[in-house]
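J.: Quick one: the structure is below, and I'll ask about it shortly.
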Protein chains: 2
Amino acid sequence: MRTEYSTRPREQITALLRKERRYLSAAEIYALLRKSRSKVALSTVYRTLGLLETKREVSQRVDEHGESTYVSCAPTHHHHAICRKCGKVEEVACEAMESFAGELRTHHGFELDDHAMEFFGRCAACK
Amino acid sequence: MRTEYSTRPREQITALLRKERRYLSAAEIYALLRKSRSKVALSTVYRTLGLLETKREVSQRVDEHGESTYVSCAPTHHHHAICRKCGKVEEVACEAMESFAGELRTHHGFELDDHAMEFFGRCAACK
DNA sequence: ATGATTTTGCTAATCGTTCGCAAATTAGGG
DNA sequence: CCCTAATTTGCGAACGATTAGCAAAATCAT
Ligand SMILES: [Zn+2]
Ligand SMILES: [Zn+2]
Ligand SMILES: [Zn+2]
Ligand SMILES: [Zn+2]
């Protein structure tokens, strides 16, 4: 049967991601877990991240060096405001998309069906 | 002195990018040039893309397989509407950002200083 | 043309990510 | 509990896109 096991490594990785609300690379997650006496293999980190990604529990982002980074977030549609100082990620809704959709249709004849956006700046704490 | 040479490979790569208004990977550019009897090395493609990127003449994007892709576009601030069918990229302006900036500040205390966005759908021709 | 400078083309190295497989864990009866 | 089947882990090797090194070729000003 096609079940899904609940294991120690998966719990640790998931817990870490939920605690650290910022984009982390697989290597960073691996290093952080290793510091807290949790021996998880790097490949397990990658596999778990892939799993969480398909379950929409983490979102992936390629950073400026080309490395993939991951953050725990809601499975529903939203966007991320990323603090340049501390890395904190905040989820923000997007209502203003209707105006863009209209703009695209009238000016370009483009039928919008999806979009992605990211915000950068300083969070309340770092400002 | 620190001059910049105008060479055959660079012209070919630039010309190709200006003709194909869609995101292409280095390997695709290499293959396309090779088909049209232009022997350019893959590393030259990479180097030229890096050059054009710093000159803001192309913008880079990581596709769904993790590969970097590049498209020729304006050096001024804008966003891209990408056709899911033919790949055509259209440049679109963003005026509605003030509303997002306000929303972020009042609801999250977030000081916005930059943003990125992409639109996906069908272009006028493919609709 | 000449010579200094930049660019190219190969190839080899790099490095994040994925794969393969045997050993270890898990879940679920009996 | 104990057994077994199914899944997951850990390790190392393999992979693939990108970068680096360096001698040879191309460019440009004189
Ligand atoms: Zn912050
Ligand atoms: Zn949205
Ligand atoms: Zn199209
Ligand atoms: Zn904008």
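Chain lettering (A, B, ...) mirrors the order of the structure tokens, residue numbering begins at 1 for each chain separately, and ligand numbering begins at 1 in order of display.
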Would you list which chain A residues are within 10 Å of chain B using only C-alpha atoms, as a PyMOL selection string?
T.: chain A and resi 61-62+66-68+81-84+90-97+99-101+103-105+107-127
J.: For DT17 in chain C, list every protein, DNA or RNA residue within 9 Å, evaluated using only C-alpha atoms (C1' of nucleotides), and leave out those in the same chain fewer than 3 positions away; present the list as a PyMOL selection string.
T.: (chain A and resi 43+46) or (chain D and resi 15)
J.: List the spatial neighbours of range 18-29 of chain B as a PDB file with N, CA and C atoms (P, O5', C5', C4', C3', O3' and C1' of nucleotides), in the first residue's frame - criterion: any atom at most 12 Å away, only C-alpha atoms (C1' of nucleotides), same-chain residues fewer than 6 positions off excluded.
T.:
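Written output follows (around-v9.pdb):
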ATOM      1  N   PRO B   9      31.234  36.512 -32.128  1.00  0.00           N
ATOM      2  CA  PRO B   9      30.379  35.718 -31.239  1.00  0.00           C
ATOM      3  C   PRO B   9      29.397  36.579 -30.449  1.00  0.00           C
ATOM      4  N   ARG B  10      29.867  37.680 -29.930  1.00  0.00           N
ATOM      5  CA  ARG B  10      28.976  38.540 -29.151  1.00  0.00           C
ATOM      6  C   ARG B  10      27.847  39.091 -29.988  1.00  0.00           C
ATOM      7  N   GLU B  11      28.181  39.481 -31.194  1.00  0.00           N
ATOM      8  CA  GLU B  11      27.136  40.013 -32.068  1.00  0.00           C
ATOM      9  C   GLU B  11      26.090  38.950 -32.390  1.00  0.00           C
ATOM     10  N   GLN B  12      26.557  37.741 -32.623  1.00  0.00           N
ATOM     11  CA  GLN B  12      25.621  36.670 -32.976  1.00  0.00           C
ATOM     12  C   GLN B  12      24.699  36.336 -31.821  1.00  0.00           C
ATOM     13  N   LYS B  35      23.297  25.526 -35.307  1.00  0.00           N
ATOM     14  CA  LYS B  35      22.482  25.169 -36.491  1.00  0.00           C
ATOM     15  C   LYS B  35      22.716  26.148 -37.628  1.00  0.00           C
ATOM     16  N   SER B  36      22.904  27.423 -37.302  1.00  0.00           N
ATOM     17  CA  SER B  36      23.079  28.428 -38.353  1.00  0.00           C
ATOM     18  C   SER B  36      24.561  28.698 -38.603  1.00  0.00           C
ATOM     19  N   SER B  38      27.333  28.932 -37.042  1.00  0.00           N
ATOM     20  CA  SER B  38      28.111  29.892 -36.267  1.00  0.00           C
ATOM     21  C   SER B  38      28.759  29.111 -35.140  1.00  0.00           C
ATOM     22  N   LYS B  39      30.018  28.873 -35.247  1.00  0.00           N
ATOM     23  CA  LYS B  39      30.673  28.065 -34.244  1.00  0.00           C
ATOM     24  C   LYS B  39      31.059  28.899 -33.031  1.00  0.00           C
ATOM     25  N   VAL B  40      30.193  28.886 -32.028  1.00  0.00           N
ATOM     26  CA  VAL B  40      30.476  29.602 -30.792  1.00  0.00           C
ATOM     27  C   VAL B  40      30.582  28.574 -29.692  1.00  0.00           C
ATOM     28  N   ALA B  41      31.583  28.743 -28.852  1.00  0.00           N
ATOM     29  CA  ALA B  41      31.749  27.803 -27.750  1.00  0.00           C
ATOM     30  C   ALA B  41      30.720  28.077 -26.664  1.00  0.00           C
ATOM     31  N   LEU B  42      30.332  27.005 -25.970  1.00  0.00           N
ATOM     32  CA  LEU B  42      29.336  27.156 -24.913  1.00  0.00           C
ATOM     33  C   LEU B  42      29.821  28.122 -23.840  1.00  0.00           C
ATOM     34  N   SER B  43      31.109  28.055 -23.524  1.00  0.00           N
ATOM     35  CA  SER B  43      31.614  28.951 -22.481  1.00  0.00           C
ATOM     36  C   SER B  43      31.523  30.407 -22.918  1.00  0.00           C
ATOM     37  N   THR B  44      31.665  30.635 -24.205  1.00  0.00           N
ATOM     38  CA  THR B  44      31.522  32.001 -24.708  1.00  0.00           C
ATOM     39  C   THR B  44      30.086  32.472 -24.553  1.00  0.00           C
ATOM     40  N   VAL B  45      29.155  31.564 -24.789  1.00  0.00           N
ATOM     41  CA  VAL B  45      27.755  31.910 -24.587  1.00  0.00           C
ATOM     42  C   VAL B  45      27.539  32.342 -23.141  1.00  0.00           C
ATOM     43  N   TYR B  46      28.045  31.548 -22.226  1.00  0.00           N
ATOM     44  CA  TYR B  46      27.901  31.890 -20.809  1.00  0.00           C
ATOM     45  C   TYR B  46      28.527  33.239 -20.489  1.00  0.00           C
ATOM     46  N   ARG B  47      29.742  33.444 -20.978  1.00  0.00           N
ATOM     47  CA  ARG B  47      30.431  34.696 -20.671  1.00  0.00           C
ATOM     48  C   ARG B  47      29.693  35.895 -21.252  1.00  0.00           C
ATOM     49  N   THR B  48      29.200  35.735 -22.465  1.00  0.00           N
ATOM     50  CA  THR B  48      28.490  36.846 -23.088  1.00  0.00           C
ATOM     51  C   THR B  48      27.185  37.139 -22.351  1.00  0.00           C
ATOM     52  N   LEU B  49      26.512  36.101 -21.927  1.00  0.00           N
ATOM     53  CA  LEU B  49      25.278  36.298 -21.180  1.00  0.00           C
ATOM     54  C   LEU B  49      25.550  37.052 -19.885  1.00  0.00           C
ATOM     55  N   GLY B  50      26.635  36.697 -19.227  1.00  0.00           N
ATOM     56  CA  GLY B  50      26.999  37.408 -18.006  1.00  0.00           C
ATOM     57  C   GLY B  50      27.267  38.874 -18.277  1.00  0.00           C
ATOM     58  N   LEU B  52      26.084  40.703 -20.851  1.00  0.00           N
ATOM     59  CA  LEU B  52      24.833  41.380 -21.184  1.00  0.00           C
ATOM     60  C   LEU B  52      23.981  41.592 -19.945  1.00  0.00           C
ATOM     61  N   GLU B  57      21.086  44.277 -20.389  1.00  0.00           N
ATOM     62  CA  GLU B  57      20.474  44.090 -21.703  1.00  0.00           C
ATOM     63  C   GLU B  57      19.709  42.776 -21.787  1.00  0.00           C
ATOM     64  N   VAL B  58      19.973  41.901 -20.878  1.00  0.00           N
ATOM     65  CA  VAL B  58      19.168  40.687 -20.788  1.00  0.00           C
ATOM     66  C   VAL B  58      18.769  40.497 -19.331  1.00  0.00           C
ATOM     67  N   SER B  59      17.653  39.808 -19.145  1.00  0.00           N
ATOM     68  CA  SER B  59      17.283  39.481 -17.775  1.00  0.00           C
ATOM     69  C   SER B  59      17.287  37.971 -17.642  1.00  0.00           C
ATOM     70  N   GLN B  60      17.637  37.517 -16.466  1.00  0.00           N
ATOM     71  CA  GLN B  60      17.833  36.098 -16.222  1.00  0.00           C
ATOM     72  C   GLN B  60      16.692  35.546 -15.403  1.00  0.00           C
ATOM     73  N   ARG B  61      16.407  34.260 -15.633  1.00  0.00           N
ATOM     74  CA  ARG B  61      15.313  33.629 -14.926  1.00  0.00           C
ATOM     75  C   ARG B  61      15.619  32.145 -14.797  1.00  0.00           C
ATOM     76  N   VAL B  62      15.370  31.564 -13.663  1.00  0.00           N
ATOM     77  CA  VAL B  62      15.598  30.138 -13.471  1.00  0.00           C
ATOM     78  C   VAL B  62      14.312  29.407 -13.814  1.00  0.00           C
ATOM     79  N   ASP B  63      14.374  28.494 -14.763  1.00  0.00           N
ATOM     80  CA  ASP B  63      13.150  27.812 -15.177  1.00  0.00           C
ATOM     81  C   ASP B  63      12.793  26.679 -14.220  1.00  0.00           C
ATOM     82  N   GLU B  64      11.727  25.969 -14.551  1.00  0.00           N
ATOM     83  CA  GLU B  64      11.189  24.959 -13.647  1.00  0.00           C
ATOM     84  C   GLU B  64      12.133  23.776 -13.433  1.00  0.00           C
ATOM     85  N   HIS B  65      13.129  23.618 -14.300  1.00  0.00           N
ATOM     86  CA  HIS B  65      14.084  22.525 -14.114  1.00  0.00           C
ATOM     87  C   HIS B  65      15.355  22.992 -13.407  1.00  0.00           C
ATOM     88  N   GLY B  66      15.396  24.261 -13.025  1.00  0.00           N
ATOM     89  CA  GLY B  66      16.558  24.768 -12.328  1.00  0.00           C
ATOM     90  C   GLY B  66      17.603  25.374 -13.260  1.00  0.00           C
ATOM     91  N   GLU B  67      17.317  25.402 -14.542  1.00  0.00           N
ATOM     92  CA  GLU B  67      18.272  25.976 -15.487  1.00  0.00           C
ATOM     93  C   GLU B  67      18.059  27.469 -15.638  1.00  0.00           C
ATOM     94  N   SER B  68      19.164  28.181 -15.823  1.00  0.00           N
ATOM     95  CA  SER B  68      19.071  29.617 -16.035  1.00  0.00           C
ATOM     96  C   SER B  68      18.691  29.892 -17.481  1.00  0.00           C
ATOM     97  N   THR B  69      17.772  30.837 -17.660  1.00  0.00           N
ATOM     98  CA  THR B  69      17.364  31.222 -19.003  1.00  0.00           C
ATOM     99  C   THR B  69      17.453  32.739 -19.110  1.00  0.00           C
ATOM    100  N   TYR B  70      17.560  33.217 -20.353  1.00  0.00           N
ATOM    101  CA  TYR B  70      17.842  34.629 -20.563  1.00  0.00           C
ATOM    102  C   TYR B  70      16.996  35.178 -21.692  1.00  0.00           C
ATOM    103  N   VAL B  71      16.570  36.425 -21.523  1.00  0.00           N
ATOM    104  CA  VAL B  71      15.803  37.080 -22.577  1.00  0.00           C
ATOM    105  C   VAL B  71      16.302  38.507 -22.731  1.00  0.00           C
ATOM    106  N   SER B  72      16.298  38.974 -23.957  1.00  0.00           N
ATOM    107  CA  SER B  72      16.694  40.347 -24.228  1.00  0.00           C
ATOM    108  C   SER B  72      15.547  41.268 -23.847  1.00  0.00           C
ATOM    109  N   CYS B  73      15.838  42.320 -23.114  1.00  0.00           N
ATOM    110  CA  CYS B  73      14.770  43.254 -22.737  1.00  0.00           C
ATOM    111  C   CYS B  73      15.329  44.608 -22.367  1.00  0.00           C
ATOM    112  N   ALA B  74      14.416  45.535 -22.106  1.00  0.00           N
ATOM    113  CA  ALA B  74      14.792  46.916 -21.793  1.00  0.00           C
ATOM    114  C   ALA B  74      15.550  46.995 -20.473  1.00  0.00           C
ATOM    115  N   HIS B  80       7.726  40.900 -16.667  1.00  0.00           N
ATOM    116  CA  HIS B  80       7.516  40.085 -17.857  1.00  0.00           C
ATOM    117  C   HIS B  80       6.240  39.258 -17.791  1.00  0.00           C
ATOM    118  N   ALA B  81       5.512  39.327 -18.885  1.00  0.00           N
ATOM    119  CA  ALA B  81       4.353  38.454 -19.060  1.00  0.00           C
ATOM    120  C   ALA B  81       4.786  37.366 -20.029  1.00  0.00           C
ATOM    121  N   ILE B  82       4.780  36.134 -19.564  1.00  0.00           N
ATOM    122  CA  ILE B  82       5.321  35.024 -20.337  1.00  0.00           C
ATOM    123  C   ILE B  82       4.199  34.142 -20.858  1.00  0.00           C
ATOM    124  N   CYS B  83       4.172  33.923 -22.156  1.00  0.00           N
ATOM    125  CA  CYS B  83       3.128  33.075 -22.740  1.00  0.00           C
ATOM    126  C   CYS B  83       3.461  31.605 -22.505  1.00  0.00           C
ATOM    127  N   ARG B  84       2.498  30.900 -21.964  1.00  0.00           N
ATOM    128  CA  ARG B  84       2.708  29.475 -21.662  1.00  0.00           C
ATOM    129  C   ARG B  84       2.786  28.626 -22.933  1.00  0.00           C
ATOM    130  N   LYS B  85       2.214  29.110 -24.002  1.00  0.00           N
ATOM    131  CA  LYS B  85       2.155  28.335 -25.232  1.00  0.00           C
ATOM    132  C   LYS B  85       3.401  28.531 -26.087  1.00  0.00           C
ATOM    133  N   CYS B  86       3.697  29.781 -26.433  1.00  0.00           N
ATOM    134  CA  CYS B  86       4.792  30.031 -27.375  1.00  0.00           C
ATOM    135  C   CYS B  86       6.039  30.595 -26.712  1.00  0.00           C
ATOM    136  N   GLY B  87       5.939  30.964 -25.442  1.00  0.00           N
ATOM    137  CA  GLY B  87       7.106  31.462 -24.739  1.00  0.00           C
ATOM    138  C   GLY B  87       7.371  32.946 -24.898  1.00  0.00           C
ATOM    139  N   LYS B  88       6.619  33.587 -25.758  1.00  0.00           N
ATOM    140  CA  LYS B  88       6.827  35.016 -26.002  1.00  0.00           C
ATOM    141  C   LYS B  88       6.795  35.830 -24.710  1.00  0.00           C
ATOM    142  N   VAL B  89       7.732  36.743 -24.605  1.00  0.00           N
ATOM    143  CA  VAL B  89       7.826  37.563 -23.401  1.00  0.00           C
ATOM    144  C   VAL B  89       7.436  39.001 -23.718  1.00  0.00           C
ATOM    145  N   GLU B  90       6.498  39.529 -22.965  1.00  0.00           N
ATOM    146  CA  GLU B  90       6.103  40.926 -23.149  1.00  0.00           C
ATOM    147  C   GLU B  90       6.485  41.721 -21.916  1.00  0.00           C
ATOM    148  N   GLU B  91       6.934  42.939 -22.144  1.00  0.00           N
ATOM    149  CA  GLU B  91       7.326  43.774 -21.025  1.00  0.00           C
ATOM    150  C   GLU B  91       6.123  44.580 -20.564  1.00  0.00           C
TER     151      GLU B  91
ATOM    152  P    DG D  16      23.287  13.743 -16.877  1.00  0.00           P
ATOM    153  O5'  DG D  16      23.045  15.289 -16.616  1.00  0.00           O
ATOM    154  C5'  DG D  16      22.417  15.734 -15.426  1.00  0.00           C
ATOM    155  C4'  DG D  16      22.577  17.236 -15.342  1.00  0.00           C
ATOM    156  C3'  DG D  16      22.978  17.887 -16.661  1.00  0.00           C
ATOM    157  O3'  DG D  16      22.420  19.181 -16.702  1.00  0.00           O
ATOM    158  C1'  DG D  16      24.673  18.236 -15.083  1.00  0.00           C
ATOM    159  P    DA D  17      22.342  19.977 -18.067  1.00  0.00           P
ATOM    160  O5'  DA D  17      22.540  21.481 -17.564  1.00  0.00           O
ATOM    161  C5'  DA D  17      21.746  21.955 -16.500  1.00  0.00           C
ATOM    162  C4'  DA D  17      22.560  22.899 -15.652  1.00  0.00           C
ATOM    163  C3'  DA D  17      23.090  24.119 -16.415  1.00  0.00           C
ATOM    164  O3'  DA D  17      22.873  25.259 -15.630  1.00  0.00           O
ATOM    165  C1'  DA D  17      24.868  22.992 -15.343  1.00  0.00           C
ATOM    166  P    DT D  18      23.076  26.718 -16.264  1.00  0.00           P
ATOM    167  O5'  DT D  18      24.534  27.124 -15.737  1.00  0.00           O
ATOM    168  C5'  DT D  18      24.694  27.309 -14.347  1.00  0.00           C
ATOM    169  C4'  DT D  18      26.161  27.414 -13.988  1.00  0.00           C
ATOM    170  C3'  DT D  18      26.906  28.570 -14.652  1.00  0.00           C
ATOM    171  O3'  DT D  18      27.352  29.446 -13.624  1.00  0.00           O
ATOM    172  C1'  DT D  18      28.191  26.567 -14.659  1.00  0.00           C
TER     173       DT D  18
END
J.: Within 12 Å of DT4 in chain D, counting only C-alpha atoms (C1' of nucleotides), which residues show up once you throw out same-chain ones fewer than 5 positions away? Write them as an MDAnalysis selection string, please.
T.: chainID C and resid 26:30
J.: Check the DSSP output for the backbone and give back, as a PyMOL selection string, the residues of chain A in alpha helix (DSSP H).
T.: chain A and resi 8-19+26-35+42-54+97-108
J.: Residues at most 10 Å from DA6 in chain D, counting only C-alpha atoms (C1' of nucleotides), excluding those fewer than 6 positions away in the same chain, as a PyMOL selection string?
T.: (chain A and resi 1-5) or (chain C and resi 26-27)
J.: Would you write out those residues with all heavy atoms, as a CSV table (one decimal), in the first residue's frame?
T.:
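The result, written out as out_30.csv:
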chain,number,residue,atom,x,y,z
A,1,MET,N,0.8,-1.2,0.0
A,1,MET,CA,0.0,0.0,0.0
A,1,MET,C,0.9,1.2,0.0
A,1,MET,O,2.0,1.2,0.4
A,1,MET,CB,-0.9,0.0,1.2
A,1,MET,CG,-0.2,0.4,2.5
A,1,MET,SD,-1.1,-0.1,4.0
A,1,MET,CE,-1.0,-1.8,4.0
A,2,ARG,N,0.3,2.3,-0.4
A,2,ARG,CA,1.1,3.6,-0.6
A,2,ARG,C,0.9,4.5,0.6
A,2,ARG,O,0.2,5.5,0.5
A,2,ARG,CB,0.6,4.2,-1.9
A,2,ARG,CG,1.3,5.5,-2.3
A,2,ARG,CD,2.3,5.3,-3.4
A,2,ARG,NE,3.6,5.0,-2.9
A,2,ARG,CZ,4.4,5.9,-2.3
A,2,ARG,NH1,4.0,7.1,-2.1
A,2,ARG,NH2,5.6,5.5,-1.9
A,3,THR,N,1.5,4.2,1.7
A,3,THR,CA,1.4,5.0,2.9
A,3,THR,C,2.6,6.0,3.0
A,3,THR,O,3.5,5.9,2.3
A,3,THR,CB,1.4,4.2,4.2
A,3,THR,OG1,1.0,2.8,3.9
A,3,THR,CG2,0.4,4.7,5.2
A,4,GLU,N,2.5,6.8,4.0
A,4,GLU,CA,3.6,7.8,4.2
A,4,GLU,C,4.0,7.7,5.6
A,4,GLU,O,3.2,8.0,6.5
A,4,GLU,CB,3.2,9.2,3.8
A,4,GLU,CG,4.3,10.2,3.9
A,4,GLU,CD,4.0,11.4,3.1
A,4,GLU,OE1,3.9,11.4,1.9
A,4,GLU,OE2,3.8,12.4,3.8
A,5,TYR,N,5.3,7.4,5.9
A,5,TYR,CA,5.7,7.2,7.2
A,5,TYR,C,6.1,8.5,7.9
A,5,TYR,O,6.6,9.4,7.3
A,5,TYR,CB,7.0,6.3,7.2
A,5,TYR,CG,6.7,4.8,6.9
A,5,TYR,CD1,5.4,4.4,6.6
A,5,TYR,CD2,7.7,3.9,7.0
A,5,TYR,CE1,5.1,3.1,6.3
A,5,TYR,CE2,7.4,2.6,6.7
A,5,TYR,CZ,6.1,2.2,6.4
A,5,TYR,OH,5.9,0.9,6.1
C,26,DT,P,11.6,4.9,13.4
C,26,DT,OP1,11.5,6.4,13.5
C,26,DT,OP2,11.9,4.1,14.6
C,26,DT,O5',10.4,4.4,12.6
C,26,DT,C5',9.8,5.2,11.6
C,26,DT,C4',8.7,4.4,10.9
C,26,DT,O4',9.2,3.1,10.6
C,26,DT,C3',7.4,4.1,11.8
C,26,DT,O3',6.4,4.9,11.2
C,26,DT,C2',7.2,2.6,11.7
C,26,DT,C1',8.1,2.2,10.6
C,26,DT,N1,8.7,0.8,10.7
C,26,DT,C2,8.4,-0.1,9.8
C,26,DT,O2,7.5,0.1,8.9
C,26,DT,N3,9.0,-1.3,9.9
C,26,DT,C4,9.9,-1.7,10.9
C,26,DT,O4,10.4,-2.8,10.9
C,26,DT,C5,10.3,-0.6,11.8
C,26,DT,C7,11.3,-0.9,12.9
C,26,DT,C6,9.7,0.6,11.7
C,27,DA,P,5.1,5.1,12.1
C,27,DA,OP1,4.5,6.4,11.7
C,27,DA,OP2,5.4,4.8,13.5
C,27,DA,O5',4.1,3.9,11.5
C,27,DA,C5',4.0,3.9,10.1
C,27,DA,C4',3.2,2.7,9.7
C,27,DA,O4',4.0,1.5,9.8
C,27,DA,C3',1.9,2.5,10.6
C,27,DA,O3',0.9,2.1,9.7
C,27,DA,C2',2.4,1.3,11.5
C,27,DA,C1',3.3,0.6,10.6
C,27,DA,N9,4.4,-0.2,11.3
C,27,DA,C8,5.1,0.2,12.4
C,27,DA,N7,6.0,-0.6,12.8
C,27,DA,C5,5.9,-1.6,11.9
C,27,DA,C6,6.6,-2.9,11.8
C,27,DA,N6,7.6,-3.2,12.6
C,27,DA,N1,6.3,-3.7,10.7
C,27,DA,C2,5.3,-3.3,9.9
C,27,DA,N3,4.5,-2.2,10.0
C,27,DA,C4,4.9,-1.4,11.0
J.: Could you tell me which of C:DA24, C:DC19, C:DA12, C:DA4 comes closest to chain B if we count only C-alpha atoms (C1' of nucleotides)?
T.: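 Among the listed residues, the smallest separation from chain B belongs to C:DA4.
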J.: Per residue of chain D within 12 Å of chain A, note the shortest atom pair and the distance in Å to one decimal, counting only C-alpha atoms (C1' of nucleotides), and order the rows by chain and increasing residue number, as CSV.
T.:
residue,atom,partner,partner_atom,distance
D:DA5,C1',A:Met1,CA,9.5
D:DA6,C1',A:Met1,CA,7.4
D:DT7,C1',A:Tyr5,CA,6.7
D:DT8,C1',A:Tyr5,CA,7.8
D:DT9,C1',A:Thr44,CA,7.0
D:DG10,C1',A:Ala41,CA,6.0
D:DC11,C1',A:Ala41,CA,8.5
D:DG12,C1',A:Ser43,CA,11.1
D:DA17,C1',A:Gly66,CA,10.8
D:DT18,C1',A:Gly66,CA,10.0
J.: Extract the full set of strand (DSSP E or B) residues from chain B according to DSSP on the backbone, and format it as a count of residues only.
T.: 35
